[in-house]
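Engineer: I'm passing along data38.cif; it holds mmCIF, C-alpha atoms.
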```
data_structure
loop_
_atom_site.label_atom_id
_atom_site.label_comp_id
_atom_site.auth_asym_id
_atom_site.auth_seq_id
_atom_site.Cartn_x
_atom_site.Cartn_y
_atom_site.Cartn_z
CA MET I 24 0.00 0.00 0.00
CA ASN I 25 2.69 2.45 1.02
CA ASP I 26 4.82 1.56 -1.96
CA ASP I 27 1.80 2.17 -4.16
CA VAL I 28 1.73 5.68 -2.77
CA VAL I 29 5.33 6.27 -3.83
CA THR I 30 4.61 4.87 -7.29
CA ARG I 31 1.62 7.18 -7.55
CA LEU I 32 3.72 10.11 -6.40
CA ALA I 33 6.39 9.26 -8.95
CA ALA I 34 3.76 9.37 -11.67
CA ALA I 35 2.80 12.87 -10.58
CA ASN I 36 6.33 14.18 -11.00
CA PRO I 37 6.08 17.80 -12.18
CA VAL I 38 9.32 17.49 -14.18
CA PRO I 39 9.79 13.89 -15.29
CA THR I 40 13.41 13.28 -16.06
CA ASP I 41 12.76 10.78 -18.80
CA LEU I 42 11.17 13.48 -20.93
CA PRO I 43 13.11 16.11 -22.85
CA LEU I 44 13.66 19.13 -20.68
CA ARG I 45 11.83 22.20 -21.84
CA GLU I 46 14.05 25.03 -22.81
CA PRO I 47 14.50 27.63 -20.11
CA THR I 48 13.19 31.11 -20.60
CA PRO I 49 15.56 33.93 -21.36
CA LEU I 50 18.92 34.00 -19.84
CA ARG I 51 20.90 37.02 -19.02
CA LEU I 52 24.38 35.93 -19.91
CA ARG I 53 25.50 36.12 -16.36
CA ARG I 54 27.23 33.46 -14.36
CA ALA I 55 25.08 30.89 -16.09
CA ALA I 56 27.32 31.28 -19.06
CA LEU I 57 30.05 29.51 -17.17
CA ALA I 58 28.28 26.20 -16.99
CA ALA I 59 26.71 26.74 -20.35
CA ALA I 60 30.11 27.10 -21.86
CA VAL I 61 31.24 23.97 -20.13
CA VAL I 62 28.28 22.19 -21.64
CA VAL I 63 29.48 23.13 -25.06
CA ALA I 64 32.82 21.69 -24.24
CA VAL I 65 31.62 18.40 -22.88
CA ALA I 66 29.97 15.34 -24.32
CA VAL I 67 28.87 16.84 -27.57
CA PRO I 68 28.48 14.27 -30.31
CA ALA I 69 29.92 15.78 -33.43
CA VAL I 70 29.95 15.03 -37.11
CA ALA I 71 33.53 15.13 -38.32
CA PHE I 72 34.42 16.69 -41.61
CA ALA I 73 37.44 16.85 -43.84
CA GLY I 74 39.94 18.94 -41.95
CA ARG I 75 40.42 22.47 -43.11
CA LEU I 76 41.38 23.86 -39.75
CA GLY I 77 44.94 22.86 -40.06
CA ASP I 78 46.86 25.83 -38.78
CA LEU I 79 48.32 26.10 -35.38
CA LEU I 80 45.55 27.92 -33.59
CA GLY I 81 42.62 27.67 -35.98
CA ILE I 82 41.75 31.30 -35.27
CA SER I 83 43.38 33.89 -37.50
CA ASN I 84 41.98 36.86 -35.63
CA GLN I 85 44.56 37.52 -32.92
CA GLY I 86 42.86 40.68 -31.61
CA ALA I 87 44.29 43.31 -29.33
CA PRO I 88 45.41 42.65 -25.76
CA VAL I 89 43.42 44.02 -22.85
CA ALA I 90 43.88 43.47 -19.14
CA THR I 91 41.30 41.08 -17.76
CA THR I 92 40.80 43.34 -14.76
CA SER I 93 39.81 46.22 -17.03
CA LEU I 94 36.66 44.47 -18.22
CA ASP I 95 33.27 45.26 -16.74
CA LEU I 96 32.63 41.56 -16.25
CA SER I 97 35.54 41.27 -13.85
CA LYS I 98 33.63 43.66 -11.56
CA ASP I 99 30.82 41.11 -11.32
CA THR I 100 31.74 39.07 -8.27
CA LYS I 101 30.27 35.85 -9.61
CA LEU I 102 31.99 36.17 -12.96
CA ASP I 103 35.23 37.19 -11.35
CA ASP I 104 35.08 34.11 -9.12
CA ALA I 105 34.33 31.96 -12.14
CA MET I 106 37.24 33.38 -14.10
CA GLN I 107 39.58 32.64 -11.24
CA GLU I 108 38.27 29.10 -10.92
CA LEU I 109 38.72 28.54 -14.61
CA GLY I 110 42.19 30.03 -14.60
CA PHE I 111 41.61 32.96 -16.94
CA PRO I 112 44.89 34.61 -17.89
CA ALA I 113 45.62 38.19 -16.85
CA THR I 114 45.40 39.35 -20.45
CA LEU I 115 42.64 38.67 -22.95
CA GLN I 116 42.54 39.43 -26.64
CA LEU I 117 39.72 41.70 -27.77
CA LEU I 118 38.74 40.08 -31.06
CA GLY I 119 36.11 42.61 -32.02
CA THR I 120 32.57 43.83 -31.52
CA ARG I 121 29.50 42.49 -33.29
CA SER I 122 25.91 43.59 -32.74
CA GLY I 123 26.92 45.45 -29.61
CA ILE I 124 28.75 42.46 -28.15
CA SER I 125 32.45 42.63 -27.36
CA PHE I 126 34.29 39.34 -27.79
CA TYR I 127 37.38 38.38 -25.83
CA ALA I 128 39.50 35.23 -26.05
CA ALA I 129 42.67 33.89 -24.50
CA ARG I 130 44.62 30.68 -24.27
CA LYS I 131 45.58 29.30 -20.94
CA ALA I 132 48.97 27.83 -20.22
CA ASP I 133 47.56 24.35 -20.84
CA GLY I 134 46.40 25.43 -24.29
CA ASP I 135 42.68 25.53 -23.58
CA TYR I 136 40.73 28.48 -24.90
CA CYS I 137 38.78 30.77 -22.63
CA PHE I 138 36.21 33.26 -23.79
CA ALA I 139 34.28 36.22 -22.50
CA ILE I 140 31.57 38.38 -23.98
CA GLU I 141 30.12 41.65 -22.81
CA SER I 142 27.12 43.62 -23.98
CA ASP I 143 24.36 45.75 -22.55
CA ALA I 144 22.21 42.62 -22.42
CA GLY I 145 24.63 40.64 -20.29
CA LYS I 146 28.00 39.11 -19.79
CA GLY I 147 29.42 35.64 -19.88
CA VAL I 148 32.63 33.71 -19.44
CA GLY I 149 33.55 30.16 -20.32
CA CYS I 150 36.40 27.85 -21.18
CA ASP I 151 36.69 24.84 -23.44
CA LEU I 152 37.83 22.41 -20.79
CA THR I 153 38.32 19.52 -23.20
CA GLY I 154 40.71 21.31 -25.51
CA MET I 155 38.55 20.29 -28.47
CA PHE I 156 37.99 23.83 -29.73
CA PRO I 157 38.95 24.66 -32.39
CA SER I 158 38.83 21.40 -34.30
CA PRO I 159 36.91 19.92 -37.21
CA ALA I 160 34.58 18.28 -34.73
CA ARG I 161 34.12 21.41 -32.66
CA PRO I 162 34.64 24.48 -34.82
CA VAL I 163 32.23 26.72 -32.88
CA PHE I 164 32.13 27.95 -29.33
CA VAL I 165 28.69 29.36 -28.61
CA PHE I 166 27.34 30.87 -25.45
CA PRO I 167 24.05 29.14 -24.77
CA PRO I 168 21.23 29.28 -23.90
CA LEU I 169 21.13 31.72 -26.68
CA GLU I 170 19.46 34.86 -25.51
CA GLN I 171 22.08 36.27 -27.77
CA PHE I 172 23.16 33.95 -30.54
CA ALA I 173 26.85 34.72 -30.47
CA GLY I 174 30.20 33.05 -30.25
CA PHE I 175 33.57 32.22 -31.68
CA VAL I 176 34.49 30.02 -34.63
CA ALA I 177 37.53 28.46 -36.17
CA ASP I 178 38.86 29.44 -39.57
CA GLY I 179 36.84 27.98 -42.41
CA VAL I 180 33.43 28.49 -40.86
CA ALA I 181 31.39 31.10 -42.72
CA THR I 182 27.98 30.73 -41.11
CA VAL I 183 26.67 29.39 -37.83
CA ALA I 184 23.07 28.27 -37.57
CA GLY I 185 20.86 27.30 -34.67
CA LEU I 186 18.48 24.48 -35.59
CA ASP I 187 15.26 23.31 -34.02
CA GLU I 188 14.24 19.74 -33.28
CA SER I 189 13.20 19.14 -36.90
CA GLY I 190 16.46 20.49 -38.27
CA GLN I 191 15.00 23.76 -39.45
CA THR I 192 17.07 26.91 -39.06
CA VAL I 193 15.81 29.11 -36.24
CA VAL I 194 18.60 31.65 -36.33
CA SER I 195 21.80 32.07 -38.24
CA ALA I 196 24.67 34.49 -38.35
CA SER I 197 27.49 35.04 -40.75
CA VAL I 198 31.03 34.93 -39.49
CA GLU I 199 33.50 37.76 -39.68
CA ASP I 200 36.99 37.52 -38.24
CA ASN I 201 36.14 34.33 -36.36
CA LEU I 202 33.16 35.97 -34.61
CA PHE I 203 29.43 35.75 -35.10
CA ALA I 204 26.46 37.49 -33.55
CA ALA I 205 22.93 37.35 -34.86
CA THR I 206 21.27 40.69 -35.34
CA THR I 207 17.94 39.14 -34.39
CA PRO I 208 17.32 39.40 -30.66
CA GLY I 209 16.69 36.19 -28.74
CA PRO I 210 15.71 34.17 -26.92
CA PHE I 211 15.94 31.22 -29.26
CA ASP I 212 14.21 28.72 -27.06
CA THR I 213 13.64 26.16 -29.78
CA VAL I 214 17.29 25.85 -30.81
CA VAL I 215 18.52 22.37 -29.93
CA SER I 216 21.57 22.01 -32.14
CA ILE I 217 24.28 24.05 -33.80
CA GLU I 218 25.47 23.73 -37.36
CA ALA I 219 28.63 25.20 -38.84
CA LEU I 220 28.71 25.84 -42.59
CA ASP I 221 31.44 26.78 -45.00
CA ALA I 222 31.36 29.64 -47.51
CA ASP I 223 29.47 27.49 -50.01
CA GLY I 224 26.80 26.61 -47.49
CA ASN I 225 28.05 23.09 -46.98
CA PRO I 226 27.65 21.71 -43.45
CA LEU I 227 30.97 21.28 -41.69
CA ALA I 228 29.78 20.05 -38.33
CA ASN I 229 26.53 19.62 -36.48
CA TRP I 230 26.03 18.82 -32.83
CA ARG I 231 23.30 18.89 -30.28
CA LEU I 232 23.43 21.26 -27.36
CA PRO I 233 23.49 19.27 -24.13
CA GLY I 234 20.34 19.53 -22.08
CA ARG I 235 18.23 20.36 -25.11
CA MET W 13 39.37 18.46 -14.90
CA GLN W 14 38.50 15.20 -16.63
CA ARG W 15 36.45 14.08 -13.65
CA PHE W 16 34.54 17.35 -13.60
CA GLU W 17 33.74 16.96 -17.28
CA GLN W 18 32.47 13.45 -16.66
CA ILE W 19 30.33 14.56 -13.74
CA TYR W 20 28.97 17.44 -15.76
CA ALA W 21 28.14 15.28 -18.75
CA GLU W 22 26.48 12.56 -16.69
CA HIS W 23 24.55 14.61 -14.18
CA HIS W 24 23.79 17.99 -15.68
CA ASP W 25 20.31 17.04 -16.84
CA ALA W 26 19.39 15.45 -13.51
CA VAL W 27 20.56 18.49 -11.57
CA ARG W 28 18.71 20.77 -13.93
CA ALA W 29 15.52 18.76 -13.50
CA TYR W 30 15.93 18.89 -9.72
CA VAL W 31 16.28 22.66 -9.83
CA ARG W 32 13.44 23.08 -12.30
CA ARG W 33 11.07 21.37 -9.89
CA ARG W 34 11.96 23.88 -7.25
CA ALA W 35 12.62 27.18 -9.00
CA PRO W 36 11.08 29.29 -11.74
CA GLU W 37 12.63 29.10 -15.16
CA ASP W 38 14.33 32.47 -14.98
CA VAL W 39 16.64 31.37 -12.18
CA VAL W 40 17.17 27.73 -13.15
CA ASP W 41 20.26 28.25 -15.28
CA ASP W 42 21.91 30.51 -12.73
CA VAL W 43 21.33 28.02 -9.93
CA VAL W 44 22.54 25.06 -12.00
CA ALA W 45 25.63 27.05 -12.97
CA ASP W 46 26.32 27.81 -9.33
CA VAL W 47 26.03 24.14 -8.43
CA PHE W 48 28.65 23.17 -10.97
CA VAL W 49 30.93 26.04 -10.02
CA VAL W 50 30.91 24.61 -6.49
CA CYS W 51 31.55 21.17 -7.97
CA LEU W 52 34.49 22.49 -9.95
CA ARG W 53 35.88 24.28 -6.93
CA ARG W 54 35.55 21.24 -4.67
CA ILE W 55 36.23 18.55 -7.21
CA ASP W 56 38.69 16.82 -4.89
CA ARG W 57 35.98 16.42 -2.28
CA VAL W 58 33.16 15.23 -4.51
CA PRO W 59 32.23 11.69 -3.44
CA GLU W 60 32.46 8.70 -5.71
CA GLU W 61 28.72 8.83 -6.34
CA PRO W 62 28.30 12.53 -7.06
CA LEU W 63 24.59 12.93 -7.76
CA PRO W 64 23.29 13.02 -4.16
CA TRP W 65 26.12 15.41 -3.32
CA LEU W 66 25.14 17.62 -6.27
CA TYR W 67 21.52 17.61 -5.12
CA GLY W 68 22.71 18.64 -1.67
CA VAL W 69 24.64 21.54 -3.17
CA ALA W 70 21.61 22.47 -5.25
CA ARG W 71 19.42 22.40 -2.17
CA LYS W 72 21.73 24.81 -0.35
CA THR W 73 22.08 26.99 -3.42
CA LEU W 74 18.30 27.23 -3.72
CA ALA W 75 18.05 28.13 -0.05
CA ASN W 76 20.64 30.86 -0.57
CA GLU W 77 18.77 32.09 -3.62
CA ARG W 78 15.56 32.18 -1.62
CA ARG W 79 17.23 34.21 1.12
CA ARG W 80 18.84 36.54 -1.37
CA ARG W 81 15.56 37.19 -3.15
CA VAL W 82 13.73 37.79 0.10
CA ARG W 83 16.35 40.37 1.03
CA THR W 84 16.46 42.12 -2.31
CA ALA W 85 12.88 41.69 -3.56
CA PRO W 86 10.62 40.65 -0.69
CA ALA W 87 7.47 41.19 -2.73
CA THR W 88 8.51 38.81 -5.48
CA PRO W 89 6.18 35.82 -5.37
CA GLY W 90 7.27 32.24 -5.87
CA VAL W 91 10.97 32.86 -6.29
CA VAL W 92 11.86 29.42 -5.06
CA ARG W 93 8.99 27.03 -4.65
CA ASP W 94 8.24 23.71 -3.07
CA PRO W 95 7.26 21.43 -5.93
CA GLU W 96 3.92 19.66 -5.77
CA PRO W 97 2.50 16.65 -7.63
CA VAL W 98 0.70 17.36 -10.87
CA GLY W 99 -2.22 15.60 -12.56
CA ASP W 100 -3.51 13.94 -9.39
CA THR W 101 -5.64 16.27 -7.32
CA ALA W 102 -6.24 13.88 -4.44
CA LEU W 103 -2.55 13.09 -4.17
CA ALA W 104 -1.61 16.76 -4.37
CA SER W 105 -4.01 17.58 -1.52
CA ALA W 106 -2.71 14.77 0.65
CA PHE W 107 0.89 15.69 -0.17
CA ALA W 108 0.28 19.34 0.70
CA ALA W 109 -0.95 18.31 4.13
CA LEU W 110 2.42 16.77 5.03
CA SER W 111 5.25 18.65 6.66
CA GLU W 112 7.98 19.98 4.39
CA ARG W 113 10.40 17.46 5.91
CA ASP W 114 8.11 14.62 4.89
CA ARG W 115 7.52 16.05 1.45
CA GLU W 116 11.19 16.55 0.66
CA VAL W 117 12.26 13.01 1.51
CA LEU W 118 9.41 11.66 -0.59
CA ARG W 119 10.35 13.92 -3.48
CA LEU W 120 13.94 12.73 -3.39
CA VAL W 121 12.95 9.09 -3.59
CA ALA W 122 9.93 9.33 -5.90
CA TRP W 123 11.04 12.10 -8.23
CA GLU W 124 14.81 12.15 -8.13
CA GLY W 125 15.01 8.36 -7.95
CA LEU W 126 17.39 8.30 -5.01
CA SER W 127 17.81 5.47 -2.57
CA GLN W 128 17.15 6.27 1.08
CA ARG W 129 20.89 6.29 1.72
CA GLU W 130 21.41 8.78 -1.10
CA ALA W 131 18.52 10.91 0.14
CA ALA W 132 20.28 11.05 3.50
CA THR W 133 23.31 12.60 1.78
CA VAL W 134 21.13 15.29 0.25
CA LEU W 135 19.31 16.04 3.49
CA GLY W 136 22.41 15.93 5.63
CA CYS W 137 21.02 13.32 8.01
CA SER W 138 22.14 9.82 8.95
CA GLY W 139 21.02 6.85 6.90
CA VAL W 140 18.93 5.51 9.77
CA ALA W 141 17.26 8.85 10.44
CA CYS W 142 16.46 9.27 6.77
CA ARG W 143 15.05 5.76 6.51
CA VAL W 144 12.77 6.38 9.48
CA ARG W 145 11.74 9.75 8.09
CA TYR W 146 10.96 8.21 4.71
CA HIS W 147 8.84 5.36 6.05
CA ARG W 148 6.89 7.65 8.34
CA ALA W 149 6.31 10.14 5.54
CA LYS W 150 5.12 7.36 3.27
CA SER W 151 2.71 6.08 5.92
CA ARG W 152 1.34 9.56 6.58
CA LEU W 153 0.78 10.16 2.89
CA ALA W 154 -0.97 6.80 2.50
CA ALA W 155 -3.16 7.51 5.52
CA ARG W 156 -4.19 10.92 4.24
CA LEU W 157 -4.98 9.50 0.83
CA ALA W 158 -7.03 6.69 2.35
CA ALA W 159 -8.98 9.12 4.48
CA ALA W 160 -9.74 11.32 1.50
CA ALA W 161 -10.77 8.33 -0.61
CA SER W 162 -13.04 7.02 2.12
CA PHE W 163 -14.75 10.35 2.46
CA GLN W 164 -15.27 10.61 -1.29
CA ARG W 165 -16.72 7.11 -1.54
CA ASP W 166 -19.16 7.55 1.30
CA PRO W 167 -19.91 11.16 2.00
CA GLU W 168 -23.17 10.27 3.79
CA GLY W 169 -21.38 7.86 6.04
CA ALA W 170 -18.92 10.55 6.96
CA THR W 171 -21.74 12.65 8.40
CA ARG W 172 -23.67 9.93 10.17
#
```
Written as structure tokens, how would this file's structure read?
Structural biologist:
Amino acid sequence: MNDDVVTRLAAANPVPTDLPLREPTPLRLRRAALAAAVVVAVAVPAVAFAGRLGDLLGISNQGAPVATTSLDLSKDTKLDDAMQELGFPATLQLLGTRSGISFYAARKADGDYCFAIESDAGKGVGCDLTGMFPSPARPVFVFPPLEQFAGFVADGVATVAGLDESGQTVVSASVEDNLFAATTPGPFDTVVSIEALDADGNPLANWRLPGR
Amino acid sequence: MQRFEQIYAEHHDAVRAYVRRRAPEDVVDDVVADVFVVCLRRIDRVPEEPLPWLYGVARKTLANERRRRVRTAPATPGVVRDPEPVGDTALASAFAALSERDREVLRLVAWEGLSQREAATVLGCSGVACRVRYHRAKSRLAARLAAAASFQRDPEGATR
């Protein structure tokens, strides 16, 4: 009898874990970007493609150096803590500004990339902890959950698209100097996967965003 | 770092579901991120079976979030909520009549799929104490459901 009660309670679970999780509502790219960025770096099944990202770094845009402490995001206690935990270097490279978003990147001593973005809409930091970016399997580093569709790409990627469950394009952005930022404001709640395309529109890689 | 990546990959969705049951969507990602920042920071102290530990961190993080919101926006309703059963009115009523201690241990077993030992890790109590709490909570819920069912089947009898 009592066990029946627990079975009945289990059936009334408000968020069953065996169902796909509904996309969260808008995110201010705040500290959440930390874990989100880690998601991108972890356990993403990827479709490999013929390697075109053969140079040393895979990112031609080397940017201009700025002190990490000079950024607004370092004044956010949570983000500052996160950057210290992740081992952000003291200097980042400002790669450019797209759609009001400033993009920063750096390589840590172990070779992993770290990224930061700042805009009026929010801020975010993240690192590729697996060292897979940039690679043919992982040519894009995107800051989910996509209130702003923006991120960093390796050389050879011309367009980045966010696809819905049926594979239809929800949002896309062209790449300039290894950066992309959609001009359309988010949120893009229905985006479940990311696709990178070359200049001819051919898919280079496609992977599902974890948790989506 | 490899262990953190493995923990993240294996348990992110479960932690997110746990938080989603207890917090509105607009804070879910922040809370989940905080949980994994703590995990990253304390990776050397994360137990071999990390999920109950992660739920425990999430529980404390939600409590902190609740306190923070009360301080900064006391009029904000439902910032962090106690999740209730859905789709079963009688069960929801009986569940609501339990104490929060009873409800939480039942949630951990029925919804998060934890063993009683794992639930003890989340709640910060001993295995024995948690087992007792769980069985008592289960009995109380069953009793309240039985009473409600009896009343519904025989409303006249209830007034005789």
Engineer: Per residue of chain W within 9 Å of chain I, which atom pair is closest and at what distance in Å (one decimal), using all atoms listed in the file, listed by chain and increasing number, as JSON lines?
Structural biologist:
```
{"residue": "W:Met13", "atom": "CA", "partner": "I:Leu152", "partner_atom": "CA", "distance": 7.3}
{"residue": "W:Gln14", "atom": "CA", "partner": "I:Thr153", "partner_atom": "CA", "distance": 7.9}
{"residue": "W:Glu17", "atom": "CA", "partner": "I:Val65", "partner_atom": "CA", "distance": 6.2}
{"residue": "W:Gln18", "atom": "CA", "partner": "I:Val65", "partner_atom": "CA", "distance": 8.0}
{"residue": "W:Tyr20", "atom": "CA", "partner": "I:Val62", "partner_atom": "CA", "distance": 7.6}
{"residue": "W:Ala21", "atom": "CA", "partner": "I:Ala66", "partner_atom": "CA", "distance": 5.9}
{"residue": "W:Glu22", "atom": "CA", "partner": "I:Ala66", "partner_atom": "CA", "distance": 8.8}
{"residue": "W:His24", "atom": "CA", "partner": "I:Gly234", "partner_atom": "CA", "distance": 7.4}
{"residue": "W:Asp25", "atom": "CA", "partner": "I:Gly234", "partner_atom": "CA", "distance": 5.8}
{"residue": "W:Ala26", "atom": "CA", "partner": "I:Thr40", "partner_atom": "CA", "distance": 6.9}
{"residue": "W:Arg28", "atom": "CA", "partner": "I:Gly234", "partner_atom": "CA", "distance": 8.4}
{"residue": "W:Ala29", "atom": "CA", "partner": "I:Val38", "partner_atom": "CA", "distance": 6.4}
{"residue": "W:Tyr30", "atom": "CA", "partner": "I:Val38", "partner_atom": "CA", "distance": 8.1}
{"residue": "W:Arg32", "atom": "CA", "partner": "I:Val38", "partner_atom": "CA", "distance": 7.2}
{"residue": "W:Arg33", "atom": "CA", "partner": "I:Val38", "partner_atom": "CA", "distance": 6.0}
{"residue": "W:Glu37", "atom": "CA", "partner": "I:Pro47", "partner_atom": "CA", "distance": 5.5}
{"residue": "W:Asp38", "atom": "CA", "partner": "I:Thr48", "partner_atom": "CA", "distance": 5.9}
{"residue": "W:Val39", "atom": "CA", "partner": "I:Leu50", "partner_atom": "CA", "distance": 8.4}
{"residue": "W:Val40", "atom": "CA", "partner": "I:Pro47", "partner_atom": "CA", "distance": 7.5}
{"residue": "W:Asp41", "atom": "CA", "partner": "I:Ala55", "partner_atom": "CA", "distance": 5.6}
{"residue": "W:Asp42", "atom": "CA", "partner": "I:Ala55", "partner_atom": "CA", "distance": 4.6}
{"residue": "W:Val43", "atom": "CA", "partner": "I:Ala55", "partner_atom": "CA", "distance": 7.8}
{"residue": "W:Val44", "atom": "CA", "partner": "I:Ala55", "partner_atom": "CA", "distance": 7.6}
{"residue": "W:Ala45", "atom": "CA", "partner": "I:Ala58", "partner_atom": "CA", "distance": 4.9}
{"residue": "W:Asp46", "atom": "CA", "partner": "I:Ala55", "partner_atom": "CA", "distance": 7.5}
{"residue": "W:Phe48", "atom": "CA", "partner": "I:Ala58", "partner_atom": "CA", "distance": 6.7}
{"residue": "W:Val49", "atom": "CA", "partner": "I:Ala105", "partner_atom": "CA", "distance": 7.1}
{"residue": "W:Leu52", "atom": "CA", "partner": "I:Glu108", "partner_atom": "CA", "distance": 7.7}
{"residue": "W:Arg53", "atom": "CA", "partner": "I:Glu108", "partner_atom": "CA", "distance": 6.7}
{"residue": "W:Pro95", "atom": "CA", "partner": "I:Pro37", "partner_atom": "CA", "distance": 7.3}
{"residue": "W:Glu96", "atom": "CA", "partner": "I:Pro37", "partner_atom": "CA", "distance": 7.0}
{"residue": "W:Pro97", "atom": "CA", "partner": "I:Ala35", "partner_atom": "CA", "distance": 4.8}
{"residue": "W:Val98", "atom": "CA", "partner": "I:Ala35", "partner_atom": "CA", "distance": 5.0}
{"residue": "W:Gly99", "atom": "CA", "partner": "I:Ala35", "partner_atom": "CA", "distance": 6.0}
{"residue": "W:Asp100", "atom": "CA", "partner": "I:Ala35", "partner_atom": "CA", "distance": 6.5}
{"residue": "W:Leu103", "atom": "CA", "partner": "I:Leu32", "partner_atom": "CA", "distance": 7.3}
{"residue": "W:Ala104", "atom": "CA", "partner": "I:Ala35", "partner_atom": "CA", "distance": 8.6}
{"residue": "W:Phe107", "atom": "CA", "partner": "I:Leu32", "partner_atom": "CA", "distance": 8.8}
{"residue": "W:Leu118", "atom": "CA", "partner": "I:Val29", "partner_atom": "CA", "distance": 7.5}
{"residue": "W:Arg119", "atom": "CA", "partner": "I:Leu32", "partner_atom": "CA", "distance": 8.2}
{"residue": "W:Val121", "atom": "CA", "partner": "I:Val29", "partner_atom": "CA", "distance": 8.1}
{"residue": "W:Ala122", "atom": "CA", "partner": "I:Ala33", "partner_atom": "CA", "distance": 4.7}
{"residue": "W:Trp123", "atom": "CA", "partner": "I:Ala33", "partner_atom": "CA", "distance": 5.5}
{"residue": "W:Glu124", "atom": "CA", "partner": "I:Thr40", "partner_atom": "CA", "distance": 8.1}
{"residue": "W:Gly125", "atom": "CA", "partner": "I:Ala33", "partner_atom": "CA", "distance": 8.7}
{"residue": "W:His147", "atom": "CA", "partner": "I:Asn25", "partner_atom": "CA", "distance": 8.5}
{"residue": "W:Lys150", "atom": "CA", "partner": "I:Asn25", "partner_atom": "CA", "distance": 5.9}
{"residue": "W:Ser151", "atom": "CA", "partner": "I:Asn25", "partner_atom": "CA", "distance": 6.1}
{"residue": "W:Leu153", "atom": "CA", "partner": "I:Val28", "partner_atom": "CA", "distance": 7.3}
{"residue": "W:Ala154", "atom": "CA", "partner": "I:Asn25", "partner_atom": "CA", "distance": 5.9}
{"residue": "W:Ala155", "atom": "CA", "partner": "I:Asn25", "partner_atom": "CA", "distance": 8.9}
{"residue": "W:Leu157", "atom": "CA", "partner": "I:Val28", "partner_atom": "CA", "distance": 8.5}
```
Engineer: Output C-alpha atoms for every residue in that selection, as an mmCIF file, in the coordinates of the input.
Structural biologist:
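Written out: result-v9.cif:
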```cif
data_model
loop_
_atom_site.group_PDB
_atom_site.id
_atom_site.type_symbol
_atom_site.label_atom_id
_atom_site.label_comp_id
_atom_site.auth_asym_id
_atom_site.auth_seq_id
_atom_site.Cartn_x
_atom_site.Cartn_y
_atom_site.Cartn_z
ATOM 1 C CA MET W 13 39.370 18.460 -14.900
ATOM 2 C CA GLN W 14 38.500 15.200 -16.630
ATOM 3 C CA GLU W 17 33.740 16.960 -17.280
ATOM 4 C CA GLN W 18 32.470 13.450 -16.660
ATOM 5 C CA TYR W 20 28.970 17.440 -15.760
ATOM 6 C CA ALA W 21 28.140 15.280 -18.750
ATOM 7 C CA GLU W 22 26.480 12.560 -16.690
ATOM 8 C CA HIS W 24 23.790 17.990 -15.680
ATOM 9 C CA ASP W 25 20.310 17.040 -16.840
ATOM 10 C CA ALA W 26 19.390 15.450 -13.510
ATOM 11 C CA ARG W 28 18.710 20.770 -13.930
ATOM 12 C CA ALA W 29 15.520 18.760 -13.500
ATOM 13 C CA TYR W 30 15.930 18.890 -9.720
ATOM 14 C CA ARG W 32 13.440 23.080 -12.300
ATOM 15 C CA ARG W 33 11.070 21.370 -9.890
ATOM 16 C CA GLU W 37 12.630 29.100 -15.160
ATOM 17 C CA ASP W 38 14.330 32.470 -14.980
ATOM 18 C CA VAL W 39 16.640 31.370 -12.180
ATOM 19 C CA VAL W 40 17.170 27.730 -13.150
ATOM 20 C CA ASP W 41 20.260 28.250 -15.280
ATOM 21 C CA ASP W 42 21.910 30.510 -12.730
ATOM 22 C CA VAL W 43 21.330 28.020 -9.930
ATOM 23 C CA VAL W 44 22.540 25.060 -12.000
ATOM 24 C CA ALA W 45 25.630 27.050 -12.970
ATOM 25 C CA ASP W 46 26.320 27.810 -9.330
ATOM 26 C CA PHE W 48 28.650 23.170 -10.970
ATOM 27 C CA VAL W 49 30.930 26.040 -10.020
ATOM 28 C CA LEU W 52 34.490 22.490 -9.950
ATOM 29 C CA ARG W 53 35.880 24.280 -6.930
ATOM 30 C CA PRO W 95 7.260 21.430 -5.930
ATOM 31 C CA GLU W 96 3.920 19.660 -5.770
ATOM 32 C CA PRO W 97 2.500 16.650 -7.630
ATOM 33 C CA VAL W 98 0.700 17.360 -10.870
ATOM 34 C CA GLY W 99 -2.220 15.600 -12.560
ATOM 35 C CA ASP W 100 -3.510 13.940 -9.390
ATOM 36 C CA LEU W 103 -2.550 13.090 -4.170
ATOM 37 C CA ALA W 104 -1.610 16.760 -4.370
ATOM 38 C CA PHE W 107 0.890 15.690 -0.170
ATOM 39 C CA LEU W 118 9.410 11.660 -0.590
ATOM 40 C CA ARG W 119 10.350 13.920 -3.480
ATOM 41 C CA VAL W 121 12.950 9.090 -3.590
ATOM 42 C CA ALA W 122 9.930 9.330 -5.900
ATOM 43 C CA TRP W 123 11.040 12.100 -8.230
ATOM 44 C CA GLU W 124 14.810 12.150 -8.130
ATOM 45 C CA GLY W 125 15.010 8.360 -7.950
ATOM 46 C CA HIS W 147 8.840 5.360 6.050
ATOM 47 C CA LYS W 150 5.120 7.360 3.270
ATOM 48 C CA SER W 151 2.710 6.080 5.920
ATOM 49 C CA LEU W 153 0.780 10.160 2.890
ATOM 50 C CA ALA W 154 -0.970 6.800 2.500
ATOM 51 C CA ALA W 155 -3.160 7.510 5.520
ATOM 52 C CA LEU W 157 -4.980 9.500 0.830
#
```
Engineer: Provide the CA of Pro226 (chain I) to CA of Ile140 (chain I) distance in Å, to one decimal place.
Structural biologist: 25.9 Å
Engineer: Determine, counting all atoms listed in the file, which protein, DNA and RNA residues have an atom within 8 Å of an atom of region 190-198 of chain I; residues of the same chain fewer than 3 positions away are not included. Present the result as a list of chain:residue names.
Structural biologist: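 Counting all atoms listed in the file, the residues come to I:Phe172, I:Val176, I:Val180, I:Ala181, I:Thr182, I:Val183, I:Ala184, I:Gly185, I:Leu186, I:Asp187, I:Asn201, I:Leu202, I:Phe203, I:Ala204, I:Ala205, I:Thr206, I:Thr207, I:Phe211, I:Thr213, I:Val214.
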